[in-house]
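As stored in upload_18.tsv (TSV, C-alpha atoms and all ligand atoms):
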```tsv
chain	number	residue	atom	x	y	z
A	51	MET	CA	-179.71	27.46	113.68
A	52	ASP	CA	-182.66	29.41	112.30
A	53	TYR	CA	-184.60	30.74	115.29
A	54	ILE	CA	-187.82	32.54	114.40
A	55	ILE	CA	-188.45	33.61	118.01
A	56	LYS	CA	-185.51	34.44	120.24
A	57	THR	CA	-185.73	36.02	123.67
A	58	GLU	CA	-182.73	37.28	125.63
A	59	GLN	CA	-182.99	37.46	129.41
A	60	LEU	CA	-186.65	38.42	129.15
A	61	THR	CA	-187.90	39.61	132.53
A	62	LYS	CA	-191.22	40.90	133.86
A	63	LYS	CA	-191.55	42.32	137.34
A	64	TYR	CA	-194.74	43.45	139.05
A	65	LYS	CA	-193.31	45.74	141.75
A	66	SER	CA	-190.89	43.44	143.58
A	67	PHE	CA	-192.50	40.22	142.31
A	68	VAL	CA	-190.62	38.61	139.42
A	69	ALA	CA	-193.17	36.86	137.17
A	70	VAL	CA	-190.68	36.08	134.37
A	71	ASN	CA	-187.03	35.82	135.29
A	72	ASN	CA	-184.26	36.15	132.66
A	73	VAL	CA	-185.90	33.79	130.20
A	74	SER	CA	-183.97	33.08	127.00
A	75	LEU	CA	-186.03	31.06	124.52
A	76	ASN	CA	-184.86	29.74	121.16
A	77	ILE	CA	-187.72	28.67	118.91
A	78	GLN	CA	-186.89	27.05	115.60
A	79	LYS	CA	-188.72	28.01	112.43
A	80	GLY	CA	-191.34	25.45	111.41
A	81	SER	CA	-191.36	23.76	114.81
A	82	ILE	CA	-193.99	23.24	117.48
A	83	TYR	CA	-192.54	24.54	120.74
A	84	GLY	CA	-194.28	23.38	123.91
A	85	PHE	CA	-194.12	25.89	126.74
A	86	LEU	CA	-194.72	23.95	129.92
A	87	GLY	CA	-195.15	24.99	133.51
A	88	PRO	CA	-197.50	24.81	136.47
A	89	ASN	CA	-200.11	27.49	137.30
A	90	GLY	CA	-198.48	30.84	137.82
A	91	ALA	CA	-195.16	29.83	136.20
A	92	GLY	CA	-195.21	32.85	133.88
A	93	LYS	CA	-196.28	31.26	130.58
A	94	SER	CA	-199.07	33.72	129.77
A	95	THR	CA	-196.95	36.68	130.90
A	96	THR	CA	-194.13	35.62	128.55
A	97	MET	CA	-196.58	35.21	125.67
A	98	LYS	CA	-198.16	38.57	126.41
A	99	MET	CA	-194.73	40.20	126.21
A	100	LEU	CA	-194.12	38.58	122.81
A	101	LEU	CA	-197.43	40.04	121.63
A	102	GLY	CA	-196.70	43.52	122.99
A	103	LEU	CA	-199.60	43.23	125.46
A	104	THR	CA	-197.35	43.92	128.42
A	105	ALA	CA	-193.91	45.54	128.38
A	106	PRO	CA	-190.80	43.63	129.45
A	107	THR	CA	-189.08	45.08	132.52
A	108	GLU	CA	-185.72	43.88	131.21
A	109	GLY	CA	-184.38	41.85	128.32
A	110	SER	CA	-185.26	41.80	124.64
A	111	PHE	CA	-186.64	39.62	121.89
A	112	THR	CA	-186.76	39.24	118.14
A	113	ILE	CA	-189.50	37.62	116.08
A	114	ASP	CA	-188.60	36.68	112.51
A	115	GLY	CA	-185.56	38.93	112.73
A	116	LYS	CA	-187.64	41.91	113.85
A	117	GLN	CA	-186.73	43.62	117.09
A	118	PHE	CA	-189.27	44.56	119.77
A	119	PRO	CA	-190.37	47.34	120.42
A	120	ASN	CA	-189.17	49.12	117.25
A	121	ASP	CA	-190.83	46.65	114.86
A	122	ARG	CA	-193.89	45.98	117.04
A	123	LEU	CA	-196.48	46.49	114.28
A	124	SER	CA	-194.75	44.36	111.69
A	125	ILE	CA	-194.28	41.64	114.34
A	126	LEU	CA	-198.01	41.68	115.10
A	127	LYS	CA	-198.88	41.25	111.40
A	128	GLU	CA	-197.00	37.95	111.38
A	129	VAL	CA	-198.40	36.51	114.60
A	130	GLY	CA	-201.77	34.89	115.21
A	131	SER	CA	-202.59	34.53	118.89
A	132	PHE	CA	-204.91	32.96	121.39
A	133	ILE	CA	-204.29	34.17	124.94
A	134	GLU	CA	-206.17	32.78	127.92
A	135	SER	CA	-209.92	32.69	127.13
A	136	PRO	CA	-210.60	34.90	124.11
A	137	SER	CA	-213.69	37.10	124.34
A	138	PHE	CA	-216.18	37.75	121.57
A	139	TYR	CA	-219.19	39.90	120.81
A	140	ALA	CA	-221.92	37.67	122.24
A	141	ASN	CA	-224.68	39.05	120.02
A	142	LEU	CA	-222.78	38.53	116.79
A	143	THR	CA	-222.34	35.21	115.03
A	144	GLY	CA	-219.04	33.35	114.96
A	145	LYS	CA	-218.59	34.41	111.36
A	146	GLU	CA	-219.32	38.07	112.13
A	147	ASN	CA	-216.86	38.01	115.01
A	148	LEU	CA	-214.14	36.67	112.73
A	149	ASP	CA	-215.06	39.20	110.07
A	150	ILE	CA	-214.31	42.04	112.52
A	151	ILE	CA	-210.81	40.69	113.13
A	152	ARG	CA	-210.36	40.09	109.40
A	153	ARG	CA	-211.18	43.72	108.62
A	154	ILE	CA	-208.80	45.01	111.27
A	155	LEU	CA	-206.06	42.85	109.78
A	156	GLY	CA	-206.97	43.94	106.22
A	157	LEU	CA	-207.38	40.37	104.99
A	158	PRO	CA	-209.54	39.12	102.09
A	159	GLU	CA	-213.10	37.96	102.87
A	160	SER	CA	-212.33	34.34	102.00
A	161	CYS	CA	-210.12	34.10	105.12
A	162	VAL	CA	-213.15	33.77	107.41
A	163	ALA	CA	-214.56	30.65	105.73
A	164	ASP	CA	-211.06	29.20	105.53
A	165	ALA	CA	-210.46	29.67	109.29
A	166	LEU	CA	-213.91	28.28	110.21
A	167	GLU	CA	-213.20	25.25	108.05
A	168	LEU	CA	-209.76	24.73	109.63
A	169	VAL	CA	-211.23	24.51	113.14
A	170	GLY	CA	-214.31	22.50	112.13
A	171	LEU	CA	-216.85	25.28	112.75
A	172	SER	CA	-218.14	25.85	109.20
A	173	GLU	CA	-221.52	24.42	110.11
A	174	PHE	CA	-221.92	26.80	113.07
A	175	GLY	CA	-220.53	30.02	111.59
A	176	GLY	CA	-224.04	31.53	111.52
A	177	ARG	CA	-224.81	30.82	115.19
A	178	LEU	CA	-224.58	33.63	117.77
A	179	ALA	CA	-221.36	33.46	119.81
A	180	LYS	CA	-223.38	33.52	123.06
A	181	LYS	CA	-224.98	30.26	121.98
A	182	TYR	CA	-221.64	28.55	121.42
A	183	SER	CA	-220.57	25.80	123.81
A	184	LEU	CA	-217.26	26.27	125.67
A	185	GLY	CA	-215.47	24.03	123.17
A	186	MET	CA	-216.96	25.95	120.24
A	187	LYS	CA	-215.74	29.23	121.80
A	188	GLN	CA	-212.23	27.76	122.05
A	189	ARG	CA	-212.41	26.77	118.40
A	190	LEU	CA	-213.61	30.25	117.45
A	191	GLY	CA	-210.62	31.67	119.35
A	192	LEU	CA	-208.34	29.39	117.42
A	193	ALA	CA	-210.03	30.40	114.16
A	194	GLY	CA	-209.29	34.04	115.08
A	195	ALA	CA	-205.62	33.15	115.56
A	196	LEU	CA	-205.52	31.30	112.23
A	197	LEU	CA	-207.12	34.07	110.16
A	198	GLY	CA	-204.93	34.73	107.16
A	199	ARG	CA	-202.72	31.73	108.08
A	200	PRO	CA	-200.02	33.72	109.91
A	201	PRO	CA	-196.45	32.34	109.87
A	202	ILE	CA	-196.29	32.34	113.69
A	203	LEU	CA	-198.94	31.19	116.14
A	204	ILE	CA	-198.87	31.86	119.88
A	205	LEU	CA	-201.47	29.67	121.58
A	206	ASP	CA	-202.02	29.87	125.33
A	207	GLU	CA	-203.62	26.61	126.51
A	208	PRO	CA	-205.87	26.30	123.46
A	209	THR	CA	-207.40	22.98	124.54
A	210	ASN	CA	-208.71	24.33	127.87
A	211	GLY	CA	-212.32	23.32	128.34
A	212	LEU	CA	-212.47	20.92	125.42
A	213	ASP	CA	-213.78	17.39	125.79
A	214	PRO	CA	-211.37	14.50	125.02
A	215	SER	CA	-212.45	14.21	121.40
A	216	GLY	CA	-212.21	18.01	121.03
A	217	ILE	CA	-208.69	17.92	122.52
A	218	HIS	CA	-207.74	15.17	120.11
A	219	GLU	CA	-209.12	17.06	117.13
A	220	ILE	CA	-207.50	20.41	118.03
A	221	ARG	CA	-204.21	18.66	118.82
A	222	ASN	CA	-204.25	17.01	115.38
A	223	LEU	CA	-205.04	20.34	113.78
A	224	ILE	CA	-202.15	22.07	115.59
A	225	LYS	CA	-199.81	19.21	114.70
A	226	SER	CA	-200.72	19.50	111.04
A	227	LEU	CA	-200.17	23.28	110.80
A	228	PRO	CA	-196.38	23.41	110.20
A	229	SER	CA	-196.68	21.08	107.20
A	230	LEU	CA	-200.03	22.53	106.07
A	231	TYR	CA	-198.74	26.06	105.60
A	232	ASP	CA	-195.22	26.24	107.02
A	233	CYS	CA	-195.92	27.99	110.30
A	234	THR	CA	-194.21	27.93	113.70
A	235	VAL	CA	-196.32	27.27	116.80
A	236	LEU	CA	-195.59	28.30	120.38
A	237	ILE	CA	-198.12	26.51	122.58
A	238	SER	CA	-198.44	26.51	126.37
A	239	SER	CA	-199.80	23.85	128.66
A	240	HIS	CA	-199.33	22.56	132.18
A	241	MET	CA	-199.52	18.95	131.05
A	242	LEU	CA	-196.47	17.28	129.64
A	243	SER	CA	-198.60	14.37	128.41
A	244	GLU	CA	-200.52	16.83	126.22
A	245	ILE	CA	-197.44	18.64	124.90
A	246	GLU	CA	-195.54	15.40	124.30
A	247	LEU	CA	-198.01	14.45	121.59
A	248	MET	CA	-197.44	17.65	119.64
A	249	ALA	CA	-194.16	19.37	120.33
A	250	ASP	CA	-190.73	19.08	118.72
A	251	ASP	CA	-189.07	21.21	121.39
A	252	ILE	CA	-189.94	22.02	124.96
A	253	GLY	CA	-189.28	24.81	127.43
A	254	ILE	CA	-190.10	24.17	131.10
A	255	LEU	CA	-190.85	27.18	133.24
A	256	ASN	CA	-191.26	27.34	137.03
A	257	HIS	CA	-191.60	30.52	139.11
A	258	GLY	CA	-190.63	32.51	136.04
A	259	CYS	CA	-187.35	30.62	135.46
A	260	LEU	CA	-186.58	28.34	132.53
A	261	LEU	CA	-185.56	24.96	134.00
A	262	PHE	CA	-185.10	23.13	130.71
A	263	GLU	CA	-185.00	23.90	127.02
A	264	GLY	CA	-184.40	21.29	124.36
A	265	SER	CA	-185.94	18.68	122.13
A	266	LEU	CA	-188.39	16.10	123.39
A	267	ASP	CA	-185.72	13.48	122.67
A	268	GLU	CA	-183.24	15.34	124.88
A	269	LEU	CA	-185.82	15.44	127.65
A	270	ARG	CA	-186.35	11.70	127.25
A	271	GLN	CA	-182.58	11.12	127.41
A	272	ASN	CA	-182.45	13.22	130.60
A	273	ALA	CA	-185.28	11.13	132.04
A	274	MET	CA	-183.36	7.95	131.20
A	275	GLN	CA	-180.22	9.28	132.85
A	276	ALA	CA	-182.18	10.36	135.90
A	277	GLY	CA	-183.50	6.81	136.24
A	278	TYR	CA	-187.09	7.36	135.11
A	279	ALA	CA	-187.05	4.57	132.53
A	280	SER	CA	-189.36	1.60	132.96
A	281	GLN	CA	-188.25	-1.91	132.24
A	282	ASN	CA	-190.10	-3.22	129.21
A	283	GLY	CA	-193.48	-4.55	130.26
A	284	PHE	CA	-194.09	-1.95	132.97
A	285	ALA	CA	-196.20	1.15	132.53
A	286	SER	CA	-197.27	-0.15	129.13
A	287	GLN	CA	-200.83	1.07	129.65
A	288	ASN	CA	-199.54	4.57	128.89
A	289	GLY	CA	-197.86	3.49	125.67
A	290	PHE	CA	-194.13	3.32	125.17
A	291	VAL	CA	-192.33	5.90	123.17
A	292	SER	CA	-189.86	4.08	121.04
A	293	GLN	CA	-186.63	5.98	120.45
A	294	SER	CA	-183.83	4.82	118.24
A	295	GLY	CA	-180.60	4.43	120.19
A	296	PHE	CA	-182.36	3.60	123.43
A	297	ASP	CA	-181.83	0.31	125.16
A	298	ALA	CA	-184.53	-2.04	123.89
A	299	ASP	CA	-185.55	-2.92	127.43
A	300	GLN	CA	-185.67	0.66	128.63
A	301	LYS	CA	-188.35	2.96	127.30
A	302	ILE	CA	-189.70	6.25	128.55
A	303	SER	CA	-193.44	6.10	128.89
A	304	THR	CA	-195.60	9.18	128.98
A	305	ALA	CA	-196.17	8.51	132.69
A	306	ASN	CA	-192.38	8.38	133.32
A	307	LEU	CA	-191.82	11.64	131.48
A	308	GLU	CA	-194.65	13.39	133.33
A	309	GLU	CA	-193.22	12.06	136.59
A	310	MET	CA	-189.82	13.53	135.76
A	311	PHE	CA	-191.37	16.87	134.81
A	312	LEU	CA	-193.26	17.02	138.13
A	313	SER	CA	-190.22	16.05	140.15
A	314	MET	CA	-188.14	18.72	138.32
A	315	ILE	CA	-190.72	21.28	139.48
A	316	ASP	CA	-190.79	19.81	143.03
A	317	GLN	CA	-186.98	19.90	143.23
A	318	ASP	CA	-186.87	23.51	142.05
A	319	ASN	CA	-189.56	24.44	144.60
A	320	ALA	CA	-187.61	22.70	147.37
A	321	ASP	CA	-184.36	24.48	146.34
A	322	ARG	CA	-186.19	27.81	146.41
A	323	LYS	CA	-187.57	27.12	149.87
A	324	GLN	CA	-184.11	26.22	151.14
A	325	ARG	CA	-182.54	29.35	149.61
A	326	ALA	CA	-185.31	31.47	151.16
A	327	MET	CA	-184.55	30.04	154.60
A	328	LEU	CA	-180.81	30.82	154.40
B	401	LIG	N1	-200.95	42.20	136.19
B	401	LIG	C1	-200.37	41.49	137.15
B	401	LIG	N2	-200.03	42.05	138.33
B	401	LIG	C2	-199.41	41.32	139.30
B	401	LIG	N3	-199.06	40.01	139.17
B	401	LIG	C3	-199.37	39.43	138.00
B	401	LIG	C4	-200.02	40.11	136.93
B	401	LIG	N4	-200.18	39.24	135.90
B	401	LIG	C5	-199.65	38.08	136.30
B	401	LIG	N5	-199.16	38.18	137.56
B	401	LIG	C6	-198.52	37.12	138.33
B	401	LIG	O1	-197.44	36.59	137.55
B	401	LIG	C7	-197.31	35.19	137.76
B	401	LIG	C8	-197.34	34.48	136.43
B	401	LIG	O2	-198.64	34.54	135.91
B	401	LIG	P1	-199.02	33.90	134.50
B	401	LIG	O3	-200.44	34.24	134.23
B	401	LIG	O4	-198.02	34.32	133.48
B	401	LIG	O5	-198.83	32.34	134.80
B	401	LIG	P2	-199.17	31.09	133.87
B	401	LIG	O6	-197.93	30.27	133.77
B	401	LIG	O7	-199.79	31.54	132.61
B	401	LIG	O8	-200.22	30.30	134.79
B	401	LIG	P3	-201.54	29.45	134.40
B	401	LIG	O9	-201.08	28.07	134.03
B	401	LIG	O10	-202.33	29.45	135.67
B	401	LIG	O11	-202.25	30.14	133.28
B	401	LIG	C9	-198.46	34.79	138.71
B	401	LIG	O12	-197.96	34.73	140.03
B	401	LIG	C10	-199.44	35.94	138.57
B	401	LIG	O13	-200.22	36.13	139.73
B	402	MG	MG	-201.66	31.23	131.78
```

Re-express the file's structure as structure tokens.
Amino acid sequence: MDYIIKTEQLTKKYKSFVAVNNVSLNIQKGSIYGFLGPNGAGKSTTMKMLLGLTAPTEGSFTIDGKQFPNDRLSILKEVGSFIESPSFYANLTGKENLDIIRRILGLPESCVADALELVGLSEFGGRLAKKYSLGMKQRLGLAGALLGRPPILILDEPTNGLDPSGIHEIRNLIKSLPSLYDCTVLISSHMLSEIELMADDIGILNHGCLLFEGSLDELRQNAMQAGYASQNGFASQNGFVSQSGFDADQKISTANLEEMFLSMIDQDNADRKQRAML
């Protein structure tokens, strides 16, 4: 299998607190990988390690065959990123903000208009960043990540703060990227319902530990086996996800899958509590 991002036992400790615990991720080239977990699970910390923004305490990773930390600069040239809420120069326009990043990356001038177009901000490129709405700021952050169309994108909750139509639009954009220019996307979220609409593969993180890694289909199969399937006719308001090979009367709805995800987290939390009491 061709993994473009591979982490081995990646660990981050803050003093005695383990924020990321022996996480081994396998992200396939050209895929959208959904990185799921509740608040504080360690998603941003993992992404920051991949971007060299914080050093791993233990473990290692490779991105496109390049090893961190030796190949840190060449890794960064291949990765576009959006981490938490990106900040901008408030008194510069959206276009000018992007132009600063473009210059740092040594990219041609045309990249700025291309990125603004990709995120639907062409019309507002000349407006000051401080006058952007929250959703427009998110889009500008995404445009910054897309500058020069990098082969790998690391996006930390990029739809935060967007209205439903904005979420829909950005989700469609992200979904289109692998076929548009052959990139790989690692995207985090705490909502399975959101990730389900975009991702090929999923990693579920809780308290820094990876509870599940596999395809969305594998997760659906697990949900079936764990008894989360609805009989046909139930839960239809959430839309059934039809899967070949599944019993015609048993489908996994988005609500069922989200329910399984939440109970996986609850179970892990309960196990932790019990272990802590022993
Ligand atoms: N610099 C730091 N010093 C100490 N603890 C930290 C630091 N950065 C993060 N943490 C802790 O590490 C854990 C993981 O945080 P992280 O931001 O990676 O979670 P997350 O999965 O991105 O959560 P969210 O969904 O809320 O964004 C949290 O308990 C957080 O408080
Ligand atoms: Mg986070």

May I have the centre and edge lengths, in Å to one decimal, of an axis-aligned box around the listed atoms of ligand LIG 401 (chain B) with 5 Å added to every side, as lines of an AutoDock Vina configuration file?
```
center_x = -199.8
center_y = 35.1
center_z = 136.3
size_x = 15.0
size_y = 24.1
size_z = 17.4
```

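Around ligand MG 402 (chain B), the neighbouring residues within 10 Å, taking all atoms listed in the file, come to Gly87, Pro88, Asn89, Gly90, Ala91, Gly92, Lys93, Ser94, Thr95, Thr96, Met97, Lys98, Ile133, Glu134, Ser135, Asp206, Glu207, Ser238, Ser239 and His240 of chain A.
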
*Considering all atoms listed in the file, state which residue in the set A:Ile54, A:Leu203, A:Val129, A:Leu192 is at the smallest distance from Gly144 (chain A).*
A:Leu192

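Counting from CA of Glu58 (chain A), the distance to CA of Leu103 (chain A) is 17.9 Å.
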
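Within 12 Å of the point (-198.1, 17.5, 111.6), counting only C-alpha atoms, the protein and nucleic acid residues come to Gly80, Ser81, Ile82, Ile220, Arg221, Asn222, Leu223, Ile224, Lys225, Ser226, Leu227, Pro228, Ser229, Leu230, Tyr231, Asp232, Cys233, Thr234, Val235, Leu247, Met248, Ala249 and Asp250 of chain A.
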
Restricting it to C-alpha atoms, dump the selection as a short mmCIF file (atom, residue, chain, number, x, y, z; two decimals), in the coordinates of the input.
```cif
data_model
loop_
_atom_site.label_atom_id
_atom_site.label_comp_id
_atom_site.auth_asym_id
_atom_site.auth_seq_id
_atom_site.Cartn_x
_atom_site.Cartn_y
_atom_site.Cartn_z
CA GLY A 80 -191.34 25.45 111.41
CA SER A 81 -191.36 23.76 114.81
CA ILE A 82 -193.99 23.24 117.48
CA ILE A 220 -207.50 20.41 118.03
CA ARG A 221 -204.21 18.66 118.82
CA ASN A 222 -204.25 17.01 115.38
CA LEU A 223 -205.04 20.34 113.78
CA ILE A 224 -202.15 22.07 115.59
CA LYS A 225 -199.81 19.21 114.70
CA SER A 226 -200.72 19.50 111.04
CA LEU A 227 -200.17 23.28 110.80
CA PRO A 228 -196.38 23.41 110.20
CA SER A 229 -196.68 21.08 107.20
CA LEU A 230 -200.03 22.53 106.07
CA TYR A 231 -198.74 26.06 105.60
CA ASP A 232 -195.22 26.24 107.02
CA CYS A 233 -195.92 27.99 110.30
CA THR A 234 -194.21 27.93 113.70
CA VAL A 235 -196.32 27.27 116.80
CA LEU A 247 -198.01 14.45 121.59
CA MET A 248 -197.44 17.65 119.64
CA ALA A 249 -194.16 19.37 120.33
CA ASP A 250 -190.73 19.08 118.72
#
```

*Could you name the residues that touch Leu242 (chain A) at 7 Å or less, counting all atoms listed in the file, but leaving out those on the same chain fewer than 2 positions away, as a list in words?*
Leu86, His240, Glu244, Ile245, Glu246 and Glu308 of chain A

I need region 106-208 of chain A written out with C-alpha atoms, as a PDB file, in the first residue's frame; please produce it.
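Output (result.pdb):
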```pdb
ATOM      1  CA  PRO A 106       7.313  14.645  19.111  1.00  0.00           C
ATOM      2  CA  THR A 107       8.394  13.290  22.499  1.00  0.00           C
ATOM      3  CA  GLU A 108       8.682   9.799  21.012  1.00  0.00           C
ATOM      4  CA  GLY A 109       7.984   8.065  17.733  1.00  0.00           C
ATOM      5  CA  SER A 110       8.597   9.089  14.144  1.00  0.00           C
ATOM      6  CA  PHE A 111       6.870   9.877  10.889  1.00  0.00           C
ATOM      7  CA  THR A 112       7.449  10.080   7.161  1.00  0.00           C
ATOM      8  CA  ILE A 113       5.638  12.298   4.679  1.00  0.00           C
ATOM      9  CA  ASP A 114       5.964  11.357   1.015  1.00  0.00           C
ATOM     10  CA  GLY A 115       8.916   9.148   1.896  1.00  0.00           C
ATOM     11  CA  LYS A 116      10.712  11.985   3.691  1.00  0.00           C
ATOM     12  CA  GLN A 117      11.730  11.468   7.286  1.00  0.00           C
ATOM     13  CA  PHE A 118      11.113  14.014  10.045  1.00  0.00           C
ATOM     14  CA  PRO A 119      13.155  15.882  11.370  1.00  0.00           C
ATOM     15  CA  ASN A 120      15.962  15.471   8.799  1.00  0.00           C
ATOM     16  CA  ASP A 121      13.789  16.418   5.808  1.00  0.00           C
ATOM     17  CA  ARG A 122      11.668  18.994   7.651  1.00  0.00           C
ATOM     18  CA  LEU A 123      12.033  21.765   5.048  1.00  0.00           C
ATOM     19  CA  SER A 124      11.281  19.607   2.043  1.00  0.00           C
ATOM     20  CA  ILE A 125       8.262  18.173   3.905  1.00  0.00           C
ATOM     21  CA  LEU A 126       6.939  21.690   4.545  1.00  0.00           C
ATOM     22  CA  LYS A 127       7.221  22.583   0.847  1.00  0.00           C
ATOM     23  CA  GLU A 128       4.787  19.787   0.022  1.00  0.00           C
ATOM     24  CA  VAL A 129       2.216  20.488   2.714  1.00  0.00           C
ATOM     25  CA  GLY A 130      -0.469  23.156   2.793  1.00  0.00           C
ATOM     26  CA  SER A 131      -1.994  23.624   6.227  1.00  0.00           C
ATOM     27  CA  PHE A 132      -4.797  25.202   8.162  1.00  0.00           C
ATOM     28  CA  ILE A 133      -4.395  24.790  11.921  1.00  0.00           C
ATOM     29  CA  GLU A 134      -7.016  25.976  14.385  1.00  0.00           C
ATOM     30  CA  SER A 135      -8.069  29.561  13.498  1.00  0.00           C
ATOM     31  CA  PRO A 136      -5.487  31.055  11.141  1.00  0.00           C
ATOM     32  CA  SER A 137      -4.499  34.655  11.842  1.00  0.00           C
ATOM     33  CA  PHE A 138      -3.978  37.366   9.270  1.00  0.00           C
ATOM     34  CA  TYR A 139      -2.751  40.930   9.011  1.00  0.00           C
ATOM     35  CA  ALA A 140      -6.009  42.760   9.736  1.00  0.00           C
ATOM     36  CA  ASN A 141      -5.041  45.936   7.877  1.00  0.00           C
ATOM     37  CA  LEU A 142      -4.100  44.141   4.674  1.00  0.00           C
ATOM     38  CA  THR A 143      -6.559  42.797   2.129  1.00  0.00           C
ATOM     39  CA  GLY A 144      -7.210  39.099   1.668  1.00  0.00           C
ATOM     40  CA  LYS A 145      -5.182  39.197  -1.523  1.00  0.00           C
ATOM     41  CA  GLU A 146      -2.257  40.979   0.154  1.00  0.00           C
ATOM     42  CA  ASN A 147      -2.276  38.462   2.990  1.00  0.00           C
ATOM     43  CA  LEU A 148      -2.070  35.596   0.511  1.00  0.00           C
ATOM     44  CA  ASP A 149       0.638  37.395  -1.420  1.00  0.00           C
ATOM     45  CA  ILE A 150       2.840  37.418   1.699  1.00  0.00           C
ATOM     46  CA  ILE A 151       2.538  33.649   2.037  1.00  0.00           C
ATOM     47  CA  ARG A 152       3.089  33.243  -1.712  1.00  0.00           C
ATOM     48  CA  ARG A 153       6.353  35.187  -1.544  1.00  0.00           C
ATOM     49  CA  ILE A 154       7.602  33.176   1.417  1.00  0.00           C
ATOM     50  CA  LEU A 155       6.862  29.984  -0.507  1.00  0.00           C
ATOM     51  CA  GLY A 156       8.480  31.389  -3.683  1.00  0.00           C
ATOM     52  CA  LEU A 157       5.401  30.742  -5.807  1.00  0.00           C
ATOM     53  CA  PRO A 158       4.316  32.567  -8.991  1.00  0.00           C
ATOM     54  CA  GLU A 159       1.951  35.555  -8.645  1.00  0.00           C
ATOM     55  CA  SER A 160      -0.902  33.753 -10.396  1.00  0.00           C
ATOM     56  CA  CYS A 161      -1.229  31.400  -7.384  1.00  0.00           C
ATOM     57  CA  VAL A 162      -3.059  34.051  -5.347  1.00  0.00           C
ATOM     58  CA  ALA A 163      -5.926  34.524  -7.817  1.00  0.00           C
ATOM     59  CA  ASP A 164      -6.115  30.763  -8.289  1.00  0.00           C
ATOM     60  CA  ALA A 165      -6.451  30.132  -4.523  1.00  0.00           C
ATOM     61  CA  LEU A 166      -9.036  32.926  -4.093  1.00  0.00           C
ATOM     62  CA  GLU A 167     -11.038  31.436  -6.941  1.00  0.00           C
ATOM     63  CA  LEU A 168     -10.844  27.918  -5.459  1.00  0.00           C
ATOM     64  CA  VAL A 169     -12.397  29.058  -2.162  1.00  0.00           C
ATOM     65  CA  GLY A 170     -14.941  31.419  -3.750  1.00  0.00           C
ATOM     66  CA  LEU A 171     -13.350  34.652  -2.496  1.00  0.00           C
ATOM     67  CA  SER A 172     -12.322  36.254  -5.813  1.00  0.00           C
ATOM     68  CA  GLU A 173     -14.922  38.971  -5.403  1.00  0.00           C
ATOM     69  CA  PHE A 174     -13.624  39.921  -1.941  1.00  0.00           C
ATOM     70  CA  GLY A 175      -9.861  39.676  -2.495  1.00  0.00           C
ATOM     71  CA  GLY A 176      -9.554  43.472  -2.269  1.00  0.00           C
ATOM     72  CA  ARG A 177     -11.382  43.782   1.069  1.00  0.00           C
ATOM     73  CA  LEU A 178      -9.396  44.292   4.296  1.00  0.00           C
ATOM     74  CA  ALA A 179      -9.067  41.070   6.309  1.00  0.00           C
ATOM     75  CA  LYS A 180     -10.474  42.826   9.406  1.00  0.00           C
ATOM     76  CA  LYS A 181     -13.678  43.397   7.474  1.00  0.00           C
ATOM     77  CA  TYR A 182     -14.060  39.726   6.584  1.00  0.00           C
ATOM     78  CA  SER A 183     -16.853  37.727   8.212  1.00  0.00           C
ATOM     79  CA  LEU A 184     -15.862  34.625  10.217  1.00  0.00           C
ATOM     80  CA  GLY A 185     -16.714  32.380   7.277  1.00  0.00           C
ATOM     81  CA  MET A 186     -14.675  34.548   4.904  1.00  0.00           C
ATOM     82  CA  LYS A 187     -11.697  34.311   7.291  1.00  0.00           C
ATOM     83  CA  GLN A 188     -12.005  30.512   7.253  1.00  0.00           C
ATOM     84  CA  ARG A 189     -12.037  30.579   3.468  1.00  0.00           C
ATOM     85  CA  LEU A 190      -8.988  32.841   3.417  1.00  0.00           C
ATOM     86  CA  GLY A 191      -7.237  30.341   5.705  1.00  0.00           C
ATOM     87  CA  LEU A 192      -8.123  27.574   3.311  1.00  0.00           C
ATOM     88  CA  ALA A 193      -6.889  29.672   0.376  1.00  0.00           C
ATOM     89  CA  GLY A 194      -3.565  30.046   2.236  1.00  0.00           C
ATOM     90  CA  ALA A 195      -3.353  26.257   2.567  1.00  0.00           C
ATOM     91  CA  LEU A 196      -4.172  25.775  -1.121  1.00  0.00           C
ATOM     92  CA  LEU A 197      -1.607  28.270  -2.451  1.00  0.00           C
ATOM     93  CA  GLY A 198       0.445  26.552  -5.111  1.00  0.00           C
ATOM     94  CA  ARG A 199      -1.844  23.482  -4.937  1.00  0.00           C
ATOM     95  CA  PRO A 200       0.354  21.427  -2.586  1.00  0.00           C
ATOM     96  CA  PRO A 201       0.214  17.611  -2.879  1.00  0.00           C
ATOM     97  CA  ILE A 202      -0.707  17.249   0.814  1.00  0.00           C
ATOM     98  CA  LEU A 203      -3.216  19.277   2.804  1.00  0.00           C
ATOM     99  CA  ILE A 204      -3.527  19.211   6.588  1.00  0.00           C
ATOM    100  CA  LEU A 205      -6.776  20.907   7.590  1.00  0.00           C
ATOM    101  CA  ASP A 206      -7.723  21.290  11.245  1.00  0.00           C
ATOM    102  CA  GLU A 207     -11.504  21.731  11.497  1.00  0.00           C
ATOM    103  CA  PRO A 208     -11.717  23.949   8.410  1.00  0.00           C
TER     104      PRO A 208
END
```
